[in-house]
>>> print(open('final_6.cif').read())   # mmCIF, C-alpha atoms
data_upload
#
loop_
_atom_site.label_atom_id
_atom_site.label_comp_id
_atom_site.auth_asym_id
_atom_site.auth_seq_id
_atom_site.Cartn_x
_atom_site.Cartn_y
_atom_site.Cartn_z
CA MET A 1 -275.31 164.99 -93.46
CA ILE A 2 -278.07 163.87 -91.10
CA ASN A 3 -278.00 160.18 -90.22
CA GLN A 4 -281.42 158.70 -90.88
CA PRO A 5 -282.46 155.98 -88.39
CA LEU A 6 -282.89 152.53 -89.87
CA ASP A 7 -286.48 151.59 -90.51
CA PRO A 8 -287.72 149.14 -87.80
CA PHE A 9 -288.96 146.71 -90.45
CA PHE A 10 -285.56 146.41 -92.10
CA ARG A 11 -283.86 146.15 -88.70
CA ARG A 12 -286.09 143.21 -87.73
CA LEU A 13 -285.66 141.66 -91.17
CA PHE A 14 -281.88 141.88 -90.84
CA ILE A 15 -282.00 140.23 -87.39
CA VAL A 16 -284.22 137.38 -88.66
CA VAL A 17 -281.99 136.77 -91.68
CA ALA A 18 -278.87 136.81 -89.50
CA ILE A 19 -280.42 134.23 -87.12
CA VAL A 20 -281.49 131.96 -90.02
CA VAL A 21 -278.03 132.15 -91.60
CA ALA A 22 -276.38 131.37 -88.24
CA VAL A 23 -278.64 128.34 -87.68
CA VAL A 24 -277.98 127.01 -91.19
CA LEU A 25 -274.22 127.44 -90.74
CA LEU A 26 -274.34 125.63 -87.39
CA TYR A 27 -276.26 122.78 -88.99
CA LEU A 28 -273.80 122.47 -91.86
CA MET A 29 -270.81 122.64 -89.50
CA MET A 30 -272.22 120.16 -87.00
CA PRO A 31 -269.74 117.37 -87.95
CA VAL A 32 -266.93 119.83 -87.10
CA ILE A 33 -268.59 121.22 -83.96
CA VAL A 34 -269.39 117.83 -82.38
CA PRO A 35 -265.72 116.96 -81.59
CA PHE A 36 -265.31 120.34 -79.88
CA ILE A 37 -268.42 119.66 -77.78
CA PHE A 38 -267.12 116.23 -76.76
CA ALA A 39 -263.71 117.70 -75.98
CA PHE A 40 -265.22 120.45 -73.84
CA VAL A 41 -267.29 117.92 -71.86
CA LEU A 42 -264.23 115.72 -71.28
CA ALA A 43 -262.18 118.75 -70.23
CA TYR A 44 -264.93 119.72 -67.79
CA LEU A 45 -264.86 116.21 -66.27
CA PHE A 46 -261.06 115.96 -66.06
CA ASN A 47 -260.39 119.52 -64.91
CA PRO A 48 -260.89 118.90 -61.13
CA LEU A 49 -258.22 116.18 -61.15
CA VAL A 50 -255.84 118.24 -63.30
CA LYS A 51 -256.38 121.24 -61.03
CA ARG A 52 -255.40 119.25 -57.95
CA LEU A 53 -252.24 117.90 -59.56
CA SER A 54 -251.28 121.31 -60.97
CA LYS A 55 -250.81 122.58 -57.40
CA TYR A 56 -247.62 120.51 -57.20
CA ILE A 57 -246.45 120.29 -60.83
CA LYS A 58 -246.86 122.24 -64.05
CA ARG A 59 -250.30 122.05 -65.58
CA TRP A 60 -249.22 120.47 -68.86
CA ILE A 61 -247.42 117.71 -66.95
CA ALA A 62 -250.55 117.16 -64.85
CA ILE A 63 -252.62 116.79 -68.02
CA ILE A 64 -250.18 114.22 -69.42
CA ILE A 65 -250.26 112.26 -66.14
CA VAL A 66 -254.07 112.21 -66.18
CA TYR A 67 -254.06 111.10 -69.83
CA SER A 68 -251.51 108.37 -69.12
CA THR A 69 -253.35 107.10 -66.04
CA ILE A 70 -256.69 106.90 -67.88
CA THR A 71 -255.08 105.19 -70.88
CA LEU A 72 -253.28 102.65 -68.67
CA GLY A 73 -256.47 101.93 -66.76
CA MET A 74 -258.42 101.34 -69.97
CA VAL A 75 -255.69 99.06 -71.34
CA LEU A 76 -255.62 96.96 -68.17
CA LEU A 77 -259.41 96.77 -68.13
CA LEU A 78 -259.56 95.67 -71.76
CA TRP A 79 -256.69 93.20 -71.16
CA TRP A 80 -258.82 91.47 -68.55
CA LEU A 81 -262.18 92.06 -70.19
CA ILE A 82 -261.68 91.14 -73.85
CA PRO A 83 -260.89 87.40 -73.36
CA THR A 84 -263.86 87.03 -71.02
CA LEU A 85 -266.18 88.93 -73.36
CA TRP A 86 -264.93 86.88 -76.31
CA HIS A 87 -265.82 83.68 -74.48
CA GLN A 88 -269.24 85.08 -73.63
CA LEU A 89 -269.86 86.19 -77.22
CA GLN A 90 -268.93 82.72 -78.46
CA ALA A 91 -271.42 81.28 -75.99
CA ALA A 92 -274.04 83.73 -77.28
CA TRP A 93 -273.31 82.64 -80.86
CA ASP A 94 -273.70 79.00 -79.81
CA TYR A 95 -277.21 79.85 -78.62
CA LEU A 96 -278.38 80.44 -82.20
CA PRO A 97 -279.08 76.74 -82.92
CA LYS A 98 -280.82 76.47 -79.55
CA LEU A 99 -282.91 79.51 -80.42
CA LEU A 100 -283.93 78.00 -83.75
CA THR A 101 -284.74 74.67 -82.09
CA TRP A 102 -286.81 76.40 -79.41
CA TYR A 103 -288.69 78.38 -82.02
CA ASN A 104 -289.34 75.38 -84.27
CA GLU A 105 -290.37 72.98 -81.51
CA VAL A 106 -291.99 75.17 -78.84
CA VAL A 107 -293.25 78.37 -80.50
CA ARG A 108 -294.46 76.76 -83.74
CA GLY A 109 -296.00 73.88 -81.82
CA TRP A 110 -297.87 76.23 -79.48
CA PHE A 111 -299.29 78.28 -82.35
CA ALA A 112 -300.24 75.11 -84.25
CA SER A 113 -302.08 73.72 -81.21
CA ASN A 114 -303.85 76.92 -80.10
CA SER A 115 -304.53 78.80 -83.33
CA ARG A 116 -304.80 78.44 -87.07
CA ILE A 117 -301.55 80.34 -87.63
CA GLN A 118 -298.85 78.24 -89.28
CA LEU A 119 -295.44 79.78 -88.65
CA PRO A 120 -292.64 78.96 -91.11
CA GLU A 121 -289.84 76.67 -90.04
CA LEU A 122 -286.44 78.32 -89.70
CA GLU A 123 -283.01 76.86 -90.40
CA SER A 124 -279.48 78.19 -90.05
CA LYS A 125 -279.00 78.07 -93.82
CA GLY A 126 -282.12 80.18 -94.23
CA PHE A 127 -280.55 82.92 -92.13
CA SER A 128 -277.45 82.96 -94.33
CA ASP A 129 -279.51 83.15 -97.53
CA THR A 130 -281.64 85.93 -96.05
CA LEU A 131 -278.52 87.92 -95.09
CA VAL A 132 -277.03 87.60 -98.58
CA GLU A 133 -280.31 88.60 -100.19
CA TYR A 134 -280.60 91.61 -97.87
CA MET A 135 -277.05 92.76 -98.72
CA GLN A 136 -277.67 92.43 -102.45
CA THR A 137 -281.01 94.24 -102.27
CA ASN A 138 -280.00 97.15 -100.06
CA TYR A 139 -276.36 97.60 -101.05
CA LYS A 140 -276.60 96.42 -104.69
CA PHE A 141 -273.58 94.14 -104.64
CA GLU A 142 -273.95 93.09 -108.27
CA ASP A 143 -270.34 92.00 -108.60
CA ALA A 144 -267.05 92.03 -106.73
CA SER A 145 -265.98 95.43 -108.11
CA THR A 146 -269.07 97.26 -106.83
CA MET A 147 -268.70 95.51 -103.50
CA MET A 148 -265.06 96.59 -103.20
CA SER A 149 -265.88 100.19 -104.17
CA GLN A 150 -268.55 100.41 -101.48
CA VAL A 151 -266.25 98.81 -98.93
CA LEU A 152 -263.57 101.38 -99.86
CA ALA A 153 -266.07 104.24 -99.49
CA SER A 154 -267.11 102.90 -96.09
CA SER A 155 -263.45 102.63 -95.13
CA MET A 156 -262.87 106.28 -96.05
CA ASN A 157 -265.83 107.31 -93.91
CA PHE A 158 -264.40 105.24 -91.08
CA ILE A 159 -261.02 106.92 -91.49
CA ASN A 160 -262.65 110.35 -91.38
CA ASN A 161 -264.58 109.45 -88.24
CA ALA A 162 -261.46 107.95 -86.71
CA GLY A 163 -259.64 111.19 -87.48
CA LEU A 164 -262.28 113.11 -85.55
CA ILE A 165 -261.96 110.64 -82.68
CA VAL A 166 -258.20 111.21 -82.60
CA LEU A 167 -258.84 114.96 -82.70
CA VAL A 168 -260.94 114.87 -79.49
CA PRO A 169 -258.03 114.15 -77.09
CA ILE A 170 -255.98 116.92 -78.72
CA LEU A 171 -258.81 119.42 -78.36
CA THR A 172 -259.37 118.26 -74.79
CA PHE A 173 -255.71 118.97 -74.02
CA TYR A 174 -255.98 122.56 -75.25
CA PHE A 175 -259.26 123.08 -73.40
CA LEU A 176 -257.63 121.84 -70.18
CA PHE A 177 -254.41 123.79 -70.69
CA ASN A 178 -256.18 127.15 -70.96
CA TRP A 179 -259.18 126.34 -68.78
CA ASP A 180 -258.61 128.98 -66.09
CA GLN A 181 -257.76 131.72 -68.59
CA ARG A 182 -260.88 130.91 -70.60
CA LEU A 183 -263.07 131.05 -67.49
CA GLN A 184 -261.53 134.40 -66.58
CA THR A 185 -262.29 135.74 -70.08
CA TRP A 186 -265.92 134.65 -69.77
CA LYS A 187 -266.09 136.19 -66.31
CA MET A 188 -264.83 139.54 -67.60
CA ALA A 189 -267.55 139.49 -70.29
CA ILE A 190 -270.34 139.48 -67.68
CA PRO A 191 -271.80 142.93 -66.91
CA ALA A 192 -270.45 144.15 -63.55
CA PRO A 193 -273.84 144.58 -61.78
CA TYR A 194 -274.74 140.93 -62.47
CA CYS A 195 -271.28 139.35 -62.20
CA LYS A 196 -271.54 138.14 -58.60
CA LYS A 197 -275.01 136.66 -59.06
CA VAL A 198 -274.18 134.93 -62.34
CA ILE A 199 -270.97 133.42 -60.95
CA GLY A 200 -272.84 132.18 -57.86
CA ILE A 201 -275.48 130.46 -60.00
CA ALA A 202 -272.79 128.97 -62.26
CA GLN A 203 -270.88 127.59 -59.27
CA GLU A 204 -274.07 126.07 -57.87
CA CYS A 205 -274.81 124.43 -61.22
CA ASP A 206 -271.24 123.15 -61.35
CA ARG A 207 -271.48 121.58 -57.88
CA ALA A 208 -274.82 119.91 -58.66
CA LEU A 209 -273.64 118.63 -62.04
CA MET A 210 -270.27 117.27 -60.86
CA ALA A 211 -271.82 115.60 -57.81
CA PHE A 212 -274.44 113.96 -59.98
CA ILE A 213 -271.96 112.75 -62.63
CA LYS A 214 -269.48 111.32 -60.12
CA GLY A 215 -272.23 109.64 -58.12
CA GLN A 216 -273.94 108.24 -61.22
CA LEU A 217 -270.71 106.75 -62.57
CA LEU A 218 -270.10 104.98 -59.26
CA VAL A 219 -273.70 103.72 -59.24
CA MET A 220 -273.27 102.35 -62.78
CA VAL A 221 -270.05 100.50 -61.94
CA LEU A 222 -271.26 99.05 -58.64
CA LEU A 223 -274.69 98.11 -59.97
CA GLY A 224 -273.14 96.40 -63.00
CA ALA A 225 -270.85 94.44 -60.66
CA ILE A 226 -273.81 93.43 -58.47
CA TYR A 227 -275.79 92.15 -61.45
CA ALA A 228 -272.81 90.42 -63.09
CA VAL A 229 -271.65 88.65 -59.91
CA GLN A 230 -275.13 87.39 -59.08
CA LEU A 231 -275.80 86.12 -62.62
CA GLN A 232 -272.39 84.42 -62.77
CA LEU A 233 -273.01 82.72 -59.41
CA ILE A 234 -276.38 81.51 -60.68
CA GLY A 235 -274.53 79.90 -63.59
CA LEU A 236 -275.80 82.02 -66.48
CA GLU A 237 -273.13 81.88 -69.18
CA LEU A 238 -273.94 85.37 -70.46
CA GLY A 239 -274.14 86.80 -66.95
CA LEU A 240 -271.08 89.05 -67.28
CA ILE A 241 -272.24 90.75 -70.48
CA ILE A 242 -275.81 91.14 -69.27
CA GLY A 243 -274.67 92.54 -65.91
CA MET A 244 -272.29 95.05 -67.50
CA VAL A 245 -274.88 96.22 -70.04
CA ALA A 246 -277.50 96.59 -67.28
CA GLY A 247 -275.05 98.65 -65.21
CA VAL A 248 -274.11 100.98 -68.07
CA ALA A 249 -277.74 101.36 -69.16
CA SER A 250 -278.74 102.30 -65.60
CA PHE A 251 -277.55 105.83 -66.46
CA VAL A 252 -281.08 106.16 -67.88
CA PRO A 253 -283.56 105.40 -65.05
CA TYR A 254 -285.27 102.00 -65.34
CA LEU A 255 -283.61 101.27 -68.70
CA GLY A 256 -280.80 99.17 -67.24
CA PHE A 257 -283.17 97.09 -65.15
CA GLY A 258 -285.52 96.51 -68.10
CA ILE A 259 -282.80 95.54 -70.60
CA GLY A 260 -280.91 93.35 -68.13
CA PHE A 261 -283.99 91.57 -66.81
CA ILE A 262 -285.41 90.74 -70.25
CA ALA A 263 -282.01 89.62 -71.59
CA ALA A 264 -281.35 87.45 -68.52
CA ILE A 265 -284.76 85.76 -68.74
CA ILE A 266 -284.30 84.99 -72.44
CA ALA A 267 -280.76 83.66 -71.88
CA CYS A 268 -282.05 81.52 -68.99
CA LEU A 269 -284.78 80.00 -71.18
CA PHE A 270 -282.22 79.11 -73.84
CA GLN A 271 -279.68 77.69 -71.39
CA PHE A 272 -281.86 75.95 -68.79
CA GLY A 273 -285.25 75.75 -70.49
CA LEU A 274 -288.41 76.46 -68.52
CA ASN A 275 -286.69 75.86 -65.16
CA TRP A 276 -288.58 77.74 -62.45
CA THR A 277 -285.69 77.49 -59.99
CA TYR A 278 -283.28 79.39 -62.26
CA LEU A 279 -286.00 81.82 -63.33
CA SER A 280 -286.76 82.58 -59.68
CA LEU A 281 -283.06 83.09 -58.93
CA ILE A 282 -282.73 85.57 -61.81
CA VAL A 283 -285.83 87.46 -60.70
CA GLY A 284 -284.40 87.56 -57.17
CA ALA A 285 -281.03 88.79 -58.47
CA PHE A 286 -282.63 91.77 -60.22
CA LEU A 287 -284.83 92.51 -57.21
CA VAL A 288 -281.68 92.58 -55.07
CA GLY A 289 -280.04 94.90 -57.61
CA GLN A 290 -283.04 97.23 -57.60
CA ALA A 291 -283.13 97.25 -53.81
CA ALA A 292 -279.40 97.98 -53.63
CA GLU A 293 -279.75 100.81 -56.17
CA GLY A 294 -282.81 102.36 -54.57
CA TYR A 295 -281.96 102.03 -50.87
CA ILE A 296 -278.15 101.98 -50.74
CA LEU A 297 -276.35 103.23 -53.87
CA GLN A 298 -278.66 106.09 -54.86
CA PRO A 299 -279.06 107.56 -51.33
CA LEU A 300 -275.35 107.23 -50.43
CA LEU A 301 -273.74 108.21 -53.74
CA LEU A 302 -276.33 110.48 -55.31
CA GLY A 303 -278.67 111.58 -52.56
CA ASP A 304 -280.78 114.50 -53.75
CA LYS A 305 -278.33 115.94 -56.23
CA ILE A 306 -280.99 116.73 -58.85
CA GLY A 307 -283.81 117.62 -56.50
CA LEU A 308 -286.50 116.24 -58.82
CA SER A 309 -289.31 113.88 -57.92
CA PRO A 310 -289.51 110.48 -59.69
CA LEU A 311 -292.35 111.82 -61.87
CA TRP A 312 -290.18 114.70 -63.12
CA VAL A 313 -287.26 112.30 -63.67
CA ILE A 314 -289.41 110.08 -65.88
CA PHE A 315 -290.77 113.13 -67.71
CA ALA A 316 -287.24 114.48 -68.29
CA VAL A 317 -286.02 111.17 -69.72
CA LEU A 318 -289.05 110.81 -72.03
CA ALA A 319 -288.77 114.44 -73.14
CA GLY A 320 -285.07 114.02 -73.88
CA ALA A 321 -285.76 110.87 -75.89
CA SER A 322 -288.51 112.63 -77.83
CA LEU A 323 -286.32 115.63 -78.69
CA LEU A 324 -282.88 114.08 -79.28
CA GLY A 325 -283.37 110.33 -79.26
CA PHE A 326 -280.87 108.19 -77.35
CA VAL A 327 -278.51 111.13 -76.82
CA GLY A 328 -281.41 113.03 -75.29
CA MET A 329 -282.01 110.20 -72.84
CA LEU A 330 -278.35 110.32 -71.79
CA ILE A 331 -278.21 114.06 -71.18
CA ALA A 332 -281.75 114.43 -69.79
CA LEU A 333 -280.82 114.15 -66.10
CA PRO A 334 -277.65 116.32 -66.16
CA VAL A 335 -279.53 119.00 -68.07
CA SER A 336 -282.40 118.67 -65.59
CA ALA A 337 -279.96 119.18 -62.72
CA VAL A 338 -278.81 122.49 -64.22
CA LEU A 339 -282.33 123.60 -65.14
CA ASN A 340 -283.49 122.84 -61.60
CA VAL A 341 -280.86 125.20 -60.17
CA LEU A 342 -281.81 127.92 -62.64
CA PHE A 343 -285.50 127.47 -61.90
CA ARG A 344 -284.93 127.76 -58.14
CA HIS A 345 -283.19 131.11 -58.61
CA LEU A 346 -285.82 132.31 -61.08
CA TYR A 347 -288.59 131.35 -58.65
CA ALA A 348 -286.80 133.10 -55.79
CA TYR A 349 -286.54 136.24 -57.92
CA TYR A 350 -290.22 135.97 -58.79
CA GLN A 351 -291.12 135.80 -55.10
CA SER A 352 -289.17 139.01 -54.46
CA THR A 353 -291.04 141.02 -57.11
CA ASP A 354 -293.72 143.58 -56.32
CA PHE A 355 -296.12 141.70 -58.56
CA TYR A 356 -295.86 138.54 -56.40
CA LYS A 357 -296.25 140.57 -53.18
CA GLY A 358 -299.34 142.30 -54.52
CA ARG A 359 -297.87 145.79 -54.56
CA LYS A 360 -298.10 146.17 -58.32
CA GLN A 361 -300.19 144.72 -61.11
CA LEU A 362 -299.30 144.09 -64.70
CA ALA A 363 -300.58 146.69 -67.16
CA LEU A 364 -302.96 144.07 -68.52
CA PHE A 365 -304.80 143.91 -65.19
CA ASP A 366 -304.72 147.61 -64.28
CA LYS A 367 -308.16 149.18 -63.90
CA LYS A 368 -308.60 152.24 -66.02
#
>>> encode(input="final_6.cif", output="structure tokens")
Amino acid sequence: MINQPLDPFFRRLFIVVAIVVAVVLLYLMMPVIVPFIFAFVLAYLFNPLVKRLSKYIKRWIAIIIVYSTITLGMVLLLWWLIPTLWHQLQAAWDYLPKLLTWYNEVVRGWFASNSRIQLPELESKGFSDTLVEYMQTNYKFEDASTMMSQVLASSMNFINNAGLIVLVPILTFYFLFNWDQRLQTWKMAIPAPYCKKVIGIAQECDRALMAFIKGQLLVMVLLGAIYAVQLQLIGLELGLIIGMVAGVASFVPYLGFGIGFIAAIIACLFQFGLNWTYLSLIVGAFLVGQAAEGYILQPLLLGDKIGLSPLWVIFAVLAGASLLGFVGMLIALPVSAVLNVLFRHLYAYYQSTDFYKGRKQLALFDKK
């Protein structure tokens, strides 16, 4: 029997159908895949520390020590942080009457004096009634039984999500335990002629990515401390929360400064009123933070790890936000660091081609 070759049309149709089915399956399995992605990222971050410890002890013991150290550090941090944050949140809640008073007396008065717009007066009781009405309209709490059923359904969703959260450390452990063997398997899958080049590019991406992540984490912590200490010294009651949020948000360029500055100005207006001395001190505090980030922290801790100009950094962040929302903003710069390495190698290869050197033209441009 003579084997007939498969018609090209059916071959292409089969490939397209296989790709569509694979994409649909990935979309449907995304809730299951996400914990594995998080676990892989955590394993990638923890692996250097585990690798150093595993030189002296067994790898599984090193993983447990790393887990225990991180857990103990988080517990001690929360032990110190939660009472302080609770006090700050209570102070923030106490600002609600001041906010309503400021709105009713200042904002409404300004609009009444300078325009024909008559803004409604707000009261604390009005907020409570609005919240109840919103809950009844959007969640249809007609009676206690429907409310309890929805609360139970929400609780089950929370339990499922919590189960996935508990699953992440377990998956991270297995990723870490077999990390070297898995890398060796991937290495053996690379075609021999390209193995050396691919490994070199991967190692360069790894160095750029790890240097950027470590440096950025230090910048976030130190910048948050700078903002928080300055705002606390000024006397702003919400200074600790605002400083910490500004430091964490600084992972996205200019976002931390913008959020922290606006929040600090609003809190200052509520606490001190239109006091130009305190407003000037807050402006000065954020200018000091920006100067420290731009001229000290970034050059010393990050340097030129990404190799992108400020214009490309802004473009990368906006593109990430447009494609994947807030998650895209978070991963924009690490992904840009990897893409920059790949582009450098691709451009170097392009410069080595005969087409670039003028020795050969594409068939499109050949003269017949």
>>> resolve_selection(input="final_6.cif", expression="the PyMOL selection byres ((chain A and resi 34-39) around 8)", output="PyMOL selection string")
chain A and resi 30-33+40-43+164-165+167-169+171-172+175
>>> residues_around(input="final_6.cif", residues="Met210 in chain A", least_positions_apart="3", cutoff="10 Å", atoms="all atoms listed in the file", output="list in words")
Tyr44, Leu45, Pro48, Cys205, Asp206, Arg207, Ile213, Lys214, Gly215, Gln216, Lys305 and Pro334 of chain A
>>> closest_atom_pairs(input="final_6.cif", of="range 200-294 of chain A", to="range 306-317 of chain A", cutoff="8 Å", atoms="all atoms listed in the file", output="Markdown table")
| residue | atom | partner | partner_atom | distance |
| --- | --- | --- | --- | --- |
| A:Ala208 | CA | A:Ile306 | CA | 6.9 |
| A:Phe212 | CA | A:Ile306 | CA | 7.2 |
| A:Val252 | CA | A:Val317 | CA | 7.3 |
| A:Pro253 | CA | A:Ile314 | CA | 7.5 |
>>> resolve_selection(input="final_6.cif", expression="the PyMOL selection byres ((chain A and resi 254) around 12)", output="list in words")
Ala246, Gly247, Val248, Ala249, Ser250, Phe251, Val252, Pro253, Leu255, Gly256, Phe257, Gly258, Ile259, Gly260, Phe261, Phe286, Gly289, Gln290, Glu293, Gly294, Pro310, Val313, Ile314, Val317, Leu318 and Met329 of chain A
>>> atom_distance(input="final_6.cif", atom1="CA of Ile199 in chain A", atom2="CA of Ala22 in chain A")
27.9 Å
